[in-house]
file final.cif (mmCIF, C-alpha atoms)
data_protein
#
loop_
_atom_site.group_PDB
_atom_site.id
_atom_site.type_symbol
_atom_site.label_atom_id
_atom_site.label_comp_id
_atom_site.auth_asym_id
_atom_site.auth_seq_id
_atom_site.Cartn_x
_atom_site.Cartn_y
_atom_site.Cartn_z
ATOM 1 C CA MET A 1 253.025 -20.153 238.246
ATOM 2 C CA LEU A 2 250.189 -18.104 239.750
ATOM 3 C CA PHE A 3 252.731 -15.628 241.100
ATOM 4 C CA ALA A 4 254.176 -15.090 237.626
ATOM 5 C CA ILE A 5 250.714 -14.775 236.055
ATOM 6 C CA GLY A 6 249.576 -12.246 238.653
ATOM 7 C CA PHE A 7 252.783 -10.219 238.373
ATOM 8 C CA LEU A 8 252.509 -10.079 234.582
ATOM 9 C CA ILE A 9 248.868 -8.985 234.793
ATOM 10 C CA VAL A 10 249.719 -6.162 237.217
ATOM 11 C CA MET A 11 252.652 -4.891 235.190
ATOM 12 C CA GLY A 12 250.975 -5.513 231.847
ATOM 13 C CA SER A 13 247.854 -3.594 232.879
ATOM 14 C CA VAL A 14 249.763 -0.616 234.246
ATOM 15 C CA ILE A 15 252.405 -0.365 231.531
ATOM 16 C CA GLY A 16 250.011 -1.383 228.762
ATOM 17 C CA GLY A 17 247.468 1.233 229.804
ATOM 18 C CA TYR A 18 250.187 3.871 230.010
ATOM 19 C CA VAL A 19 251.586 3.052 226.561
ATOM 20 C CA GLY A 20 248.069 2.778 225.135
ATOM 21 C CA ALA A 21 247.430 6.343 226.275
ATOM 22 C CA HIS A 22 250.469 7.426 224.226
ATOM 23 C CA GLY A 23 252.881 7.505 227.176
ATOM 24 C CA LYS A 24 256.608 7.163 226.550
ATOM 25 C CA LEU A 25 258.223 4.198 228.270
ATOM 26 C CA TYR A 26 261.625 5.869 228.576
ATOM 27 C CA ALA A 27 260.050 8.531 230.788
ATOM 28 C CA LEU A 28 259.391 5.862 233.420
ATOM 29 C CA TRP A 29 263.017 4.801 233.585
ATOM 30 C CA GLN A 30 264.257 6.796 236.547
ATOM 31 C CA PRO A 31 266.961 4.653 238.203
ATOM 32 C CA TYR A 32 267.781 7.178 240.920
ATOM 33 C CA GLU A 33 264.147 7.419 241.972
ATOM 34 C CA ILE A 34 264.066 3.616 242.199
ATOM 35 C CA LEU A 35 267.306 3.682 244.194
ATOM 36 C CA ILE A 36 265.823 6.111 246.719
ATOM 37 C CA ILE A 37 262.568 4.170 247.150
ATOM 38 C CA VAL A 38 263.801 0.581 247.140
ATOM 39 C CA GLY A 39 267.071 1.324 248.914
ATOM 40 C CA ALA A 40 265.389 3.278 251.714
ATOM 41 C CA ALA A 41 262.705 0.589 252.106
ATOM 42 C CA ILE A 42 265.286 -2.197 252.344
ATOM 43 C CA GLY A 43 267.349 -0.175 254.811
ATOM 44 C CA ALA A 44 264.303 0.457 257.002
ATOM 45 C CA PHE A 45 263.445 -3.249 256.796
ATOM 46 C CA ILE A 46 266.938 -4.178 258.004
ATOM 47 C CA ILE A 47 266.736 -1.669 260.869
ATOM 48 C CA SER A 48 263.375 -2.891 262.118
ATOM 49 C CA ASN A 49 263.850 -6.679 261.916
ATOM 50 C CA SER A 50 266.195 -9.332 263.277
ATOM 51 C CA ALA A 51 268.578 -11.350 261.131
ATOM 52 C CA ALA A 52 266.552 -14.510 261.787
ATOM 53 C CA LEU A 53 263.335 -12.842 260.640
ATOM 54 C CA MET A 54 264.965 -11.518 257.473
ATOM 55 C CA LYS A 55 266.243 -15.024 256.728
ATOM 56 C CA ASP A 56 262.713 -16.387 257.179
ATOM 57 C CA CYS A 57 261.376 -13.736 254.780
ATOM 58 C CA ILE A 58 263.888 -14.755 252.114
ATOM 59 C CA THR A 59 263.088 -18.426 252.650
ATOM 60 C CA ASN A 60 259.347 -17.774 252.424
ATOM 61 C CA LEU A 61 259.780 -15.964 249.112
ATOM 62 C CA GLY A 62 260.519 -19.359 247.579
ATOM 63 C CA GLY A 63 257.074 -20.560 248.623
ATOM 64 C CA VAL A 64 255.462 -17.432 247.184
ATOM 65 C CA VAL A 65 257.127 -17.913 243.791
ATOM 66 C CA LEU A 66 257.005 -21.722 243.559
ATOM 67 C CA GLY A 67 253.824 -22.354 245.547
ATOM 68 C CA SER A 68 253.123 -23.809 248.976
ATOM 69 C CA LYS A 69 254.434 -27.255 249.877
ATOM 70 C CA VAL A 70 251.411 -27.798 252.110
ATOM 71 C CA ASP A 71 248.883 -29.712 250.017
ATOM 72 C CA LYS A 72 246.509 -32.666 250.228
ATOM 73 C CA LYS A 73 249.388 -35.142 250.024
ATOM 74 C CA MET A 74 251.096 -33.550 252.999
ATOM 75 C CA PHE A 75 247.863 -33.595 255.008
ATOM 76 C CA LEU A 76 247.469 -37.292 254.188
ATOM 77 C CA ASP A 77 251.057 -37.969 255.260
ATOM 78 C CA LEU A 78 250.514 -36.110 258.526
ATOM 79 C CA LEU A 79 247.360 -37.986 259.482
ATOM 80 C CA SER A 80 248.835 -41.294 258.333
ATOM 81 C CA LEU A 81 251.901 -40.728 260.513
ATOM 82 C CA ILE A 82 249.740 -40.035 263.554
ATOM 83 C CA TYR A 83 247.640 -43.098 262.761
ATOM 84 C CA SER A 84 250.809 -45.196 262.510
ATOM 85 C CA ILE A 85 252.061 -43.979 265.889
ATOM 86 C CA LEU A 86 248.690 -44.535 267.546
ATOM 87 C CA ASP A 87 248.294 -47.970 265.989
ATOM 88 C CA LYS A 88 251.786 -49.051 267.015
ATOM 89 C CA SER A 89 251.330 -47.803 270.586
ATOM 90 C CA ARG A 90 247.968 -49.552 270.862
ATOM 91 C CA LYS A 91 249.301 -52.901 269.615
ATOM 92 C CA GLU A 92 252.765 -52.893 271.185
ATOM 93 C CA GLY A 93 252.417 -50.468 274.084
ATOM 94 C CA MET A 94 253.536 -46.871 274.575
ATOM 95 C CA MET A 95 257.154 -47.912 275.178
ATOM 96 C CA SER A 96 257.333 -49.183 271.590
ATOM 97 C CA ILE A 97 257.223 -45.625 270.217
ATOM 98 C CA GLU A 98 259.801 -44.248 272.656
ATOM 99 C CA ALA A 99 262.677 -44.378 270.166
ATOM 100 C CA ASP A 100 260.538 -42.751 267.461
ATOM 101 C CA VAL A 101 259.450 -39.775 269.547
ATOM 102 C CA ASP A 102 262.825 -39.314 271.254
ATOM 103 C CA ASN A 103 264.500 -38.646 267.906
ATOM 104 C CA PRO A 104 262.048 -38.231 264.998
ATOM 105 C CA GLN A 105 264.891 -37.385 262.601
ATOM 106 C CA SER A 106 266.292 -40.916 262.906
ATOM 107 C CA SER A 107 262.953 -42.678 263.341
ATOM 108 C CA GLY A 108 262.004 -45.317 260.805
ATOM 109 C CA LEU A 109 258.338 -44.500 261.405
ATOM 110 C CA PHE A 110 258.797 -40.802 260.639
ATOM 111 C CA ALA A 111 261.051 -41.674 257.695
ATOM 112 C CA GLN A 112 258.054 -43.211 255.922
ATOM 113 C CA TYR A 113 256.696 -39.664 255.637
ATOM 114 C CA PRO A 114 259.692 -37.518 254.547
ATOM 115 C CA ALA A 115 257.635 -34.356 254.004
ATOM 116 C CA ILE A 116 256.739 -34.385 257.701
ATOM 117 C CA GLN A 117 260.146 -35.516 258.901
ATOM 118 C CA MET A 118 261.890 -32.727 256.956
ATOM 119 C CA ASN A 119 259.643 -30.156 258.635
ATOM 120 C CA HIS A 120 261.614 -30.305 261.883
ATOM 121 C CA ALA A 121 259.340 -27.999 263.878
ATOM 122 C CA LEU A 122 256.246 -30.029 262.994
ATOM 123 C CA ALA A 123 257.965 -33.371 263.591
ATOM 124 C CA ASP A 124 259.162 -32.188 266.998
ATOM 125 C CA TYR A 125 255.668 -30.924 267.837
ATOM 126 C CA ILE A 126 254.191 -34.370 267.169
ATOM 127 C CA ALA A 127 257.015 -36.166 268.966
ATOM 128 C CA ASP A 128 256.767 -33.920 272.033
ATOM 129 C CA ALA A 129 253.010 -34.521 272.263
ATOM 130 C CA PHE A 130 253.449 -38.303 272.288
ATOM 131 C CA ARG A 131 256.346 -38.009 274.722
ATOM 132 C CA LEU A 132 253.995 -36.207 277.115
ATOM 133 C CA ILE A 133 251.339 -38.886 276.611
ATOM 134 C CA ALA A 134 253.893 -41.613 277.322
ATOM 135 C CA SER A 135 254.783 -39.951 280.602
ATOM 136 C CA GLY A 136 251.206 -40.620 281.744
ATOM 137 C CA ASN A 137 251.087 -37.575 284.001
ATOM 138 C CA MET A 138 248.787 -35.274 281.992
ATOM 139 C CA GLN A 139 245.027 -35.097 281.767
ATOM 140 C CA PRO A 140 243.480 -34.681 278.278
ATOM 141 C CA HIS A 141 242.415 -31.086 278.950
ATOM 142 C CA GLU A 142 245.915 -30.235 280.184
ATOM 143 C CA LEU A 143 247.485 -31.687 277.038
ATOM 144 C CA ASP A 144 244.941 -29.809 274.902
ATOM 145 C CA ALA A 145 245.811 -26.488 276.556
ATOM 146 C CA LEU A 146 249.555 -27.096 276.268
ATOM 147 C CA LEU A 147 249.390 -27.987 272.572
ATOM 148 C CA ASP A 148 247.169 -24.963 271.934
ATOM 149 C CA ALA A 149 249.726 -22.708 273.619
ATOM 150 C CA GLU A 150 252.471 -24.041 271.371
ATOM 151 C CA ILE A 151 250.286 -23.563 268.288
ATOM 152 C CA GLU A 152 249.669 -19.954 269.307
ATOM 153 C CA THR A 153 253.403 -19.331 269.621
ATOM 154 C CA ARG A 154 254.121 -21.120 266.358
ATOM 155 C CA THR A 155 251.398 -19.096 264.622
ATOM 156 C CA GLN A 156 253.053 -15.831 265.627
ATOM 157 C CA GLU A 157 256.406 -17.162 264.448
ATOM 158 C CA ILE A 158 255.094 -18.391 261.091
ATOM 159 C CA LEU A 159 253.154 -15.214 260.296
ATOM 160 C CA GLU A 160 255.807 -12.752 261.488
ATOM 161 C CA PRO A 161 257.652 -12.605 258.108
ATOM 162 C CA SER A 162 254.429 -11.716 256.263
ATOM 163 C CA HIS A 163 253.629 -9.004 258.798
ATOM 164 C CA ALA A 164 257.138 -7.558 258.485
ATOM 165 C CA LEU A 165 256.910 -7.497 254.698
ATOM 166 C CA GLN A 166 253.448 -5.912 254.876
ATOM 167 C CA LYS A 167 254.867 -3.071 256.965
ATOM 168 C CA MET A 168 257.499 -2.570 254.283
ATOM 169 C CA ALA A 169 254.773 -2.510 251.622
ATOM 170 C CA ASP A 170 252.813 0.068 253.618
ATOM 171 C CA ALA A 171 255.918 2.278 253.778
ATOM 172 C CA MET A 172 256.565 2.182 250.035
ATOM 173 C CA PRO A 173 254.170 5.039 249.103
ATOM 174 C CA GLY A 174 255.834 7.160 251.799
ATOM 175 C CA PHE A 175 259.274 6.536 250.332
ATOM 176 C CA GLY A 176 257.767 7.370 246.937
ATOM 177 C CA ILE A 177 256.791 10.757 248.339
ATOM 178 C CA VAL A 178 260.345 11.197 249.650
ATOM 179 C CA ALA A 179 261.693 10.552 246.156
ATOM 180 C CA ALA A 180 259.110 12.927 244.668
ATOM 181 C CA VAL A 181 259.995 15.716 247.112
ATOM 182 C CA LEU A 182 263.676 15.350 246.307
ATOM 183 C CA GLY A 183 262.747 15.508 242.631
ATOM 184 C CA ILE A 184 260.851 18.745 243.245
ATOM 185 C CA VAL A 185 263.915 20.166 245.009
ATOM 186 C CA ILE A 186 265.966 19.397 241.917
ATOM 187 C CA THR A 187 263.239 20.923 239.747
ATOM 188 C CA MET A 188 263.164 24.148 241.764
ATOM 189 C CA SER A 189 266.916 24.492 241.442
ATOM 190 C CA ALA A 190 266.541 24.251 237.651
ATOM 191 C CA LEU A 191 263.911 27.017 237.334
ATOM 192 C CA GLY A 192 264.757 29.497 234.605
ATOM 193 C CA GLY A 193 266.662 26.909 232.617
ATOM 194 C CA ASP A 194 265.753 24.890 229.540
ATOM 195 C CA PRO A 195 261.977 24.076 229.638
ATOM 196 C CA GLU A 196 262.645 20.608 228.242
ATOM 197 C CA GLU A 197 265.112 19.850 231.025
ATOM 198 C CA LEU A 198 262.644 21.235 233.562
ATOM 199 C CA GLY A 199 259.952 18.915 232.229
ATOM 200 C CA LYS A 200 262.266 15.903 232.696
ATOM 201 C CA HIS A 201 262.840 16.816 236.340
ATOM 202 C CA ILE A 202 259.105 17.143 236.977
ATOM 203 C CA ALA A 203 258.455 13.802 235.277
ATOM 204 C CA ALA A 204 261.121 12.146 237.417
ATOM 205 C CA ALA A 205 259.518 13.497 240.592
ATOM 206 C CA LEU A 206 256.098 12.191 239.575
ATOM 207 C CA VAL A 207 257.564 8.804 238.661
ATOM 208 C CA GLY A 208 258.900 8.578 242.224
ATOM 209 C CA THR A 209 255.372 8.783 243.617
ATOM 210 C CA PHE A 210 254.143 6.342 240.983
ATOM 211 C CA MET A 211 256.852 3.776 241.722
ATOM 212 C CA GLY A 212 256.278 3.931 245.474
ATOM 213 C CA VAL A 213 252.555 3.302 245.155
ATOM 214 C CA LEU A 214 252.963 0.589 242.512
ATOM 215 C CA LEU A 215 255.632 -1.318 244.434
ATOM 216 C CA GLY A 216 253.686 -1.033 247.679
ATOM 217 C CA TYR A 217 250.247 -2.077 246.473
ATOM 218 C CA GLY A 218 251.138 -4.031 243.332
ATOM 219 C CA VAL A 219 254.212 -6.029 244.376
ATOM 220 C CA PHE A 220 255.222 -6.160 248.043
ATOM 221 C CA GLY A 221 251.690 -6.014 249.458
ATOM 222 C CA PRO A 222 250.464 -9.021 247.440
ATOM 223 C CA ILE A 223 253.651 -10.946 248.274
ATOM 224 C CA ALA A 224 253.043 -10.353 251.994
ATOM 225 C CA ALA A 225 249.420 -11.490 251.630
ATOM 226 C CA LYS A 226 250.529 -14.654 249.827
ATOM 227 C CA MET A 227 253.045 -15.366 252.595
ATOM 228 C CA GLU A 228 250.248 -15.074 255.145
ATOM 229 C CA HIS A 229 248.026 -17.516 253.230
ATOM 230 C CA ILE A 230 250.872 -20.043 253.033
ATOM 231 C CA GLY A 231 251.510 -19.584 256.743
ATOM 232 C CA ASN A 232 247.868 -20.227 257.598
ATOM 233 C CA GLU A 233 247.988 -23.455 255.602
ATOM 234 C CA GLU A 234 251.055 -24.590 257.552
ATOM 235 C CA ILE A 235 249.346 -23.788 260.852
ATOM 236 C CA LYS A 236 246.558 -26.172 259.837
ATOM 237 C CA LEU A 237 249.095 -28.998 260.012
ATOM 238 C CA TYR A 238 249.626 -28.284 263.697
ATOM 239 C CA GLN A 239 245.909 -27.909 264.394
ATOM 240 C CA ALA A 240 245.099 -31.196 262.642
ATOM 241 C CA ALA A 241 247.849 -33.008 264.554
ATOM 242 C CA LYS A 242 246.619 -31.598 267.871
ATOM 243 C CA SER A 243 242.991 -32.556 267.213
ATOM 244 C CA ALA A 244 243.914 -36.124 266.307
ATOM 245 C CA ILE A 245 246.263 -36.588 269.249
ATOM 246 C CA VAL A 246 243.860 -35.126 271.816
ATOM 247 C CA ALA A 247 241.020 -37.247 270.410
ATOM 248 C CA SER A 248 243.122 -40.368 270.929
ATOM 249 C CA VAL A 249 243.873 -39.367 274.535
ATOM 250 C CA ASN A 250 240.129 -38.985 275.057
ATOM 251 C CA GLY A 251 239.666 -42.637 274.096
ATOM 252 C CA MET A 252 239.049 -42.535 270.358
ATOM 253 C CA PRO A 253 240.523 -45.421 268.316
ATOM 254 C CA PRO A 254 243.193 -44.433 265.742
ATOM 255 C CA GLN A 255 240.778 -44.456 262.786
ATOM 256 C CA LEU A 256 238.400 -42.023 264.491
ATOM 257 C CA ALA A 257 241.185 -39.941 266.042
ATOM 258 C CA VAL A 258 242.657 -39.030 262.649
ATOM 259 C CA GLU A 259 239.146 -38.161 261.461
ATOM 260 C CA PHE A 260 239.076 -35.464 264.146
ATOM 261 C CA GLY A 261 242.282 -34.124 262.608
ATOM 262 C CA ARG A 262 240.898 -34.279 259.073
ATOM 263 C CA LYS A 263 237.847 -32.231 260.015
ATOM 264 C CA VAL A 264 239.837 -29.127 261.025
ATOM 265 C CA LEU A 265 241.474 -28.801 257.594
ATOM 266 C CA PHE A 266 240.418 -26.255 254.990
ATOM 267 C CA VAL A 267 237.961 -27.776 252.534
ATOM 268 C CA HIS A 268 240.035 -26.981 249.434
ATOM 269 C CA GLY A 269 242.955 -29.125 250.676
ATOM 270 C CA ARG A 270 241.157 -31.628 252.871
ATOM 271 C CA PRO A 271 241.444 -35.281 251.833
ATOM 272 C CA SER A 272 238.159 -37.139 251.758
ATOM 273 C CA PHE A 273 237.236 -39.792 254.306
ATOM 274 C CA THR A 274 237.805 -42.490 251.688
ATOM 275 C CA GLU A 275 241.207 -41.100 250.664
ATOM 276 C CA LEU A 276 242.400 -41.073 254.263
ATOM 277 C CA GLU A 277 241.036 -44.561 254.904
ATOM 278 C CA GLN A 278 242.821 -45.944 251.834
ATOM 279 C CA LYS A 279 246.018 -44.164 252.838
ATOM 280 C CA VAL A 280 246.175 -45.595 256.364
ATOM 281 C CA ARG A 281 245.175 -49.071 255.199
ATOM 282 C CA GLY A 282 247.823 -49.113 252.505
ATOM 283 C CA ARG A 283 250.598 -47.581 254.606
#
call {"tool": "encode", "arguments": {"input": "final.cif", "output": "structure tokens"}}
result
Amino acid sequence: MLFAIGFLIVMGSVIGGYVGAHGKLYALWQPYEILIIVGAAIGAFIISNSAALMKDCITNLGGVVLGSKVDKKMFLDLLSLIYSILDKSRKEGMMSIEADVDNPQSSGLFAQYPAIQMNHALADYIADAFRLIASGNMQPHELDALLDAEIETRTQEILEPSHALQKMADAMPGFGIVAAVLGIVITMSALGGDPEELGKHIAAALVGTFMGVLLGYGVFGPIAAKMEHIGNEEIKLYQAAKSAIVASVNGMPPQLAVEFGRKVLFVHGRPSFTELEQKVRGR
């Protein structure tokens, strides 16, 4: 919803201001200029990125348009899952969670929190951490460092699509100049002809520059920034899980361990102490 509102404001302000100043809309319709700019930008994007990264960019566009799936409910599910694992291991022993952490996709414990279970990378991150704890061969500071290293790698992976799209956005004004220069070439070849036809060629060249700048700073740039914000919210899931798990290894009971995880969350999406307490008690 916010994406659509923002897009309409950008386009409405630009087009509305242009029309309000007695501009003619048909003069902005230059399909070949758009072909040069957008086509060249997409081609450069394909050249500079892997197939996997391009697939991630397309997938992430859904989150930009529809909104992030990472919200307070998902944070509550994450911390409740960790609480459940810690509580079960404390009451029944570490061996009782072996089946859950060996295959989280078929675990009944993980299945109680489908939003976490469906996020395979996150579910595996949690399962791997408890698998290491069950092995009993790692000190708390060693586990902390290892989980931090994986978060760092995952952060680069999550944010890479937004960085790739931002580079494309930065290139858009340059491709607009390319389109404008080609328009000037066409204009120069028409010198001495009909002045009206000459004016159309000049307008087309200027529209090329306009479209490149507008698409770069008004469309693709904001989309890349939104992707980055969504990525940072997803990274918080990993950071909250790590804080809770490491706190438990350092001797904190489950209720306090998940509080460590809650505290690292952004304030705007962080569940309150009472909300988390009610969630884990009513699980």
call {"tool": "closest_residue", "arguments": {"input": "final.cif", "among": "A:Leu214, A:Ile116, A:Gly62, A:Ile34", "to": "Ile82 of chain A", "atoms": "all atoms listed in the file"}}
result
A:Ile116
call {"tool": "residues_around", "arguments": {"input": "final.cif", "residues": "segment 230-240 of chain A", "least_positions_apart": "2", "cutoff": "7 Å", "atoms": "only C-alpha atoms", "output": "PyMOL selection string"}}
result
chain A and resi 68+70+75+122+151+155+158-159+226-228+242-244+261-262+264-265
call {"tool": "closest_residue", "arguments": {"input": "final.cif", "among": "A:Gly174, A:Pro161, A:Pro140, A:Gly183", "to": "Ala225 of chain A", "atoms": "only C-alpha atoms"}}
result
A:Pro161
call {"tool": "residues_near_point", "arguments": {"input": "final.cif", "point": "(244.4, -36.2, 269.3)", "cutoff": "12 Å", "atoms": "all atoms listed in the file", "output": "PyMOL selection string"}}
result
chain A and resi 79+82-83+85-86+126+129-130+133+140-141+143-144+147-148+238-262+264
call {"tool": "closest_residue", "arguments": {"input": "final.cif", "among": "A:Glu152, A:Gln117, A:Ser96, A:Ile58", "to": "Ala134 of chain A", "atoms": "only C-alpha atoms"}}
result
A:Ser96
call {"tool": "build_atoms", "arguments": {"input": "final.cif", "residues": "segment 129-157 of chain A", "atoms": "N, CA and C atoms", "output": "PDB file, in the coordinates of the input"}}
result
ATOM      1  N   ALA A 129     254.359 -34.195 271.780  1.00  0.00           N
ATOM      2  CA  ALA A 129     253.010 -34.521 272.263  1.00  0.00           C
ATOM      3  C   ALA A 129     252.937 -35.980 272.709  1.00  0.00           C
ATOM      4  N   PHE A 130     253.490 -36.885 271.914  1.00  0.00           N
ATOM      5  CA  PHE A 130     253.449 -38.303 272.288  1.00  0.00           C
ATOM      6  C   PHE A 130     254.388 -38.595 273.450  1.00  0.00           C
ATOM      7  N   ARG A 131     255.461 -37.835 273.577  1.00  0.00           N
ATOM      8  CA  ARG A 131     256.346 -38.009 274.722  1.00  0.00           C
ATOM      9  C   ARG A 131     255.610 -37.659 276.017  1.00  0.00           C
ATOM     10  N   LEU A 132     254.791 -36.596 275.944  1.00  0.00           N
ATOM     11  CA  LEU A 132     253.995 -36.207 277.115  1.00  0.00           C
ATOM     12  C   LEU A 132     252.946 -37.274 277.442  1.00  0.00           C
ATOM     13  N   ILE A 133     252.344 -37.832 276.395  1.00  0.00           N
ATOM     14  CA  ILE A 133     251.339 -38.886 276.611  1.00  0.00           C
ATOM     15  C   ILE A 133     251.991 -40.098 277.260  1.00  0.00           C
ATOM     16  N   ALA A 134     253.197 -40.434 276.789  1.00  0.00           N
ATOM     17  CA  ALA A 134     253.893 -41.613 277.322  1.00  0.00           C
ATOM     18  C   ALA A 134     254.255 -41.442 278.790  1.00  0.00           C
ATOM     19  N   SER A 135     254.444 -40.187 279.196  1.00  0.00           N
ATOM     20  CA  SER A 135     254.783 -39.951 280.602  1.00  0.00           C
ATOM     21  C   SER A 135     253.628 -40.310 281.520  1.00  0.00           C
ATOM     22  N   GLY A 136     252.388 -40.215 280.988  1.00  0.00           N
ATOM     23  CA  GLY A 136     251.206 -40.620 281.744  1.00  0.00           C
ATOM     24  C   GLY A 136     250.819 -39.701 282.871  1.00  0.00           C
ATOM     25  N   ASN A 137     251.348 -38.486 282.882  1.00  0.00           N
ATOM     26  CA  ASN A 137     251.087 -37.575 284.001  1.00  0.00           C
ATOM     27  C   ASN A 137     250.174 -36.415 283.639  1.00  0.00           C
ATOM     28  N   MET A 138     249.600 -36.407 282.430  1.00  0.00           N
ATOM     29  CA  MET A 138     248.787 -35.274 281.992  1.00  0.00           C
ATOM     30  C   MET A 138     247.362 -35.713 281.682  1.00  0.00           C
ATOM     31  N   GLN A 139     246.419 -34.881 282.110  1.00  0.00           N
ATOM     32  CA  GLN A 139     245.027 -35.097 281.767  1.00  0.00           C
ATOM     33  C   GLN A 139     244.782 -34.590 280.339  1.00  0.00           C
ATOM     34  N   PRO A 140     243.750 -35.123 279.656  1.00  0.00           N
ATOM     35  CA  PRO A 140     243.480 -34.681 278.278  1.00  0.00           C
ATOM     36  C   PRO A 140     243.329 -33.176 278.137  1.00  0.00           C
ATOM     37  N   HIS A 141     242.618 -32.532 279.076  1.00  0.00           N
ATOM     38  CA  HIS A 141     242.415 -31.086 278.950  1.00  0.00           C
ATOM     39  C   HIS A 141     243.719 -30.324 279.168  1.00  0.00           C
ATOM     40  N   GLU A 142     244.615 -30.881 279.973  1.00  0.00           N
ATOM     41  CA  GLU A 142     245.915 -30.235 280.184  1.00  0.00           C
ATOM     42  C   GLU A 142     246.768 -30.338 278.921  1.00  0.00           C
ATOM     43  N   LEU A 143     246.742 -31.502 278.287  1.00  0.00           N
ATOM     44  CA  LEU A 143     247.485 -31.687 277.038  1.00  0.00           C
ATOM     45  C   LEU A 143     246.928 -30.776 275.950  1.00  0.00           C
ATOM     46  N   ASP A 144     245.607 -30.676 275.875  1.00  0.00           N
ATOM     47  CA  ASP A 144     244.941 -29.809 274.902  1.00  0.00           C
ATOM     48  C   ASP A 144     245.413 -28.368 275.063  1.00  0.00           C
ATOM     49  N   ALA A 145     245.410 -27.873 276.300  1.00  0.00           N
ATOM     50  CA  ALA A 145     245.811 -26.488 276.556  1.00  0.00           C
ATOM     51  C   ALA A 145     247.281 -26.267 276.216  1.00  0.00           C
ATOM     52  N   LEU A 146     248.120 -27.235 276.544  1.00  0.00           N
ATOM     53  CA  LEU A 146     249.555 -27.096 276.268  1.00  0.00           C
ATOM     54  C   LEU A 146     249.838 -27.069 274.774  1.00  0.00           C
ATOM     55  N   LEU A 147     249.184 -27.954 274.021  1.00  0.00           N
ATOM     56  CA  LEU A 147     249.390 -27.987 272.572  1.00  0.00           C
ATOM     57  C   LEU A 147     248.839 -26.726 271.919  1.00  0.00           C
ATOM     58  N   ASP A 148     247.723 -26.214 272.441  1.00  0.00           N
ATOM     59  CA  ASP A 148     247.169 -24.963 271.934  1.00  0.00           C
ATOM     60  C   ASP A 148     248.130 -23.800 272.156  1.00  0.00           C
ATOM     61  N   ALA A 149     248.773 -23.779 273.313  1.00  0.00           N
ATOM     62  CA  ALA A 149     249.726 -22.708 273.619  1.00  0.00           C
ATOM     63  C   ALA A 149     250.898 -22.736 272.648  1.00  0.00           C
ATOM     64  N   GLU A 150     251.359 -23.953 272.319  1.00  0.00           N
ATOM     65  CA  GLU A 150     252.471 -24.041 271.371  1.00  0.00           C
ATOM     66  C   GLU A 150     252.030 -23.634 269.966  1.00  0.00           C
ATOM     67  N   ILE A 151     250.798 -23.978 269.591  1.00  0.00           N
ATOM     68  CA  ILE A 151     250.286 -23.563 268.288  1.00  0.00           C
ATOM     69  C   ILE A 151     250.201 -22.048 268.202  1.00  0.00           C
ATOM     70  N   GLU A 152     249.762 -21.418 269.289  1.00  0.00           N
ATOM     71  CA  GLU A 152     249.669 -19.954 269.307  1.00  0.00           C
ATOM     72  C   GLU A 152     251.040 -19.313 269.100  1.00  0.00           C
ATOM     73  N   THR A 153     252.042 -19.845 269.789  1.00  0.00           N
ATOM     74  CA  THR A 153     253.403 -19.331 269.621  1.00  0.00           C
ATOM     75  C   THR A 153     253.913 -19.572 268.210  1.00  0.00           C
ATOM     76  N   ARG A 154     253.661 -20.773 267.709  1.00  0.00           N
ATOM     77  CA  ARG A 154     254.121 -21.120 266.358  1.00  0.00           C
ATOM     78  C   ARG A 154     253.404 -20.273 265.304  1.00  0.00           C
ATOM     79  N   THR A 155     252.145 -19.943 265.548  1.00  0.00           N
ATOM     80  CA  THR A 155     251.398 -19.096 264.622  1.00  0.00           C
ATOM     81  C   THR A 155     252.045 -17.719 264.510  1.00  0.00           C
ATOM     82  N   GLN A 156     252.392 -17.134 265.638  1.00  0.00           N
ATOM     83  CA  GLN A 156     253.053 -15.831 265.627  1.00  0.00           C
ATOM     84  C   GLN A 156     254.372 -15.913 264.872  1.00  0.00           C
ATOM     85  N   GLU A 157     255.104 -16.992 265.088  1.00  0.00           N
ATOM     86  CA  GLU A 157     256.406 -17.162 264.448  1.00  0.00           C
ATOM     87  C   GLU A 157     256.268 -17.335 262.938  1.00  0.00           C
TER      88      GLU A 157
END
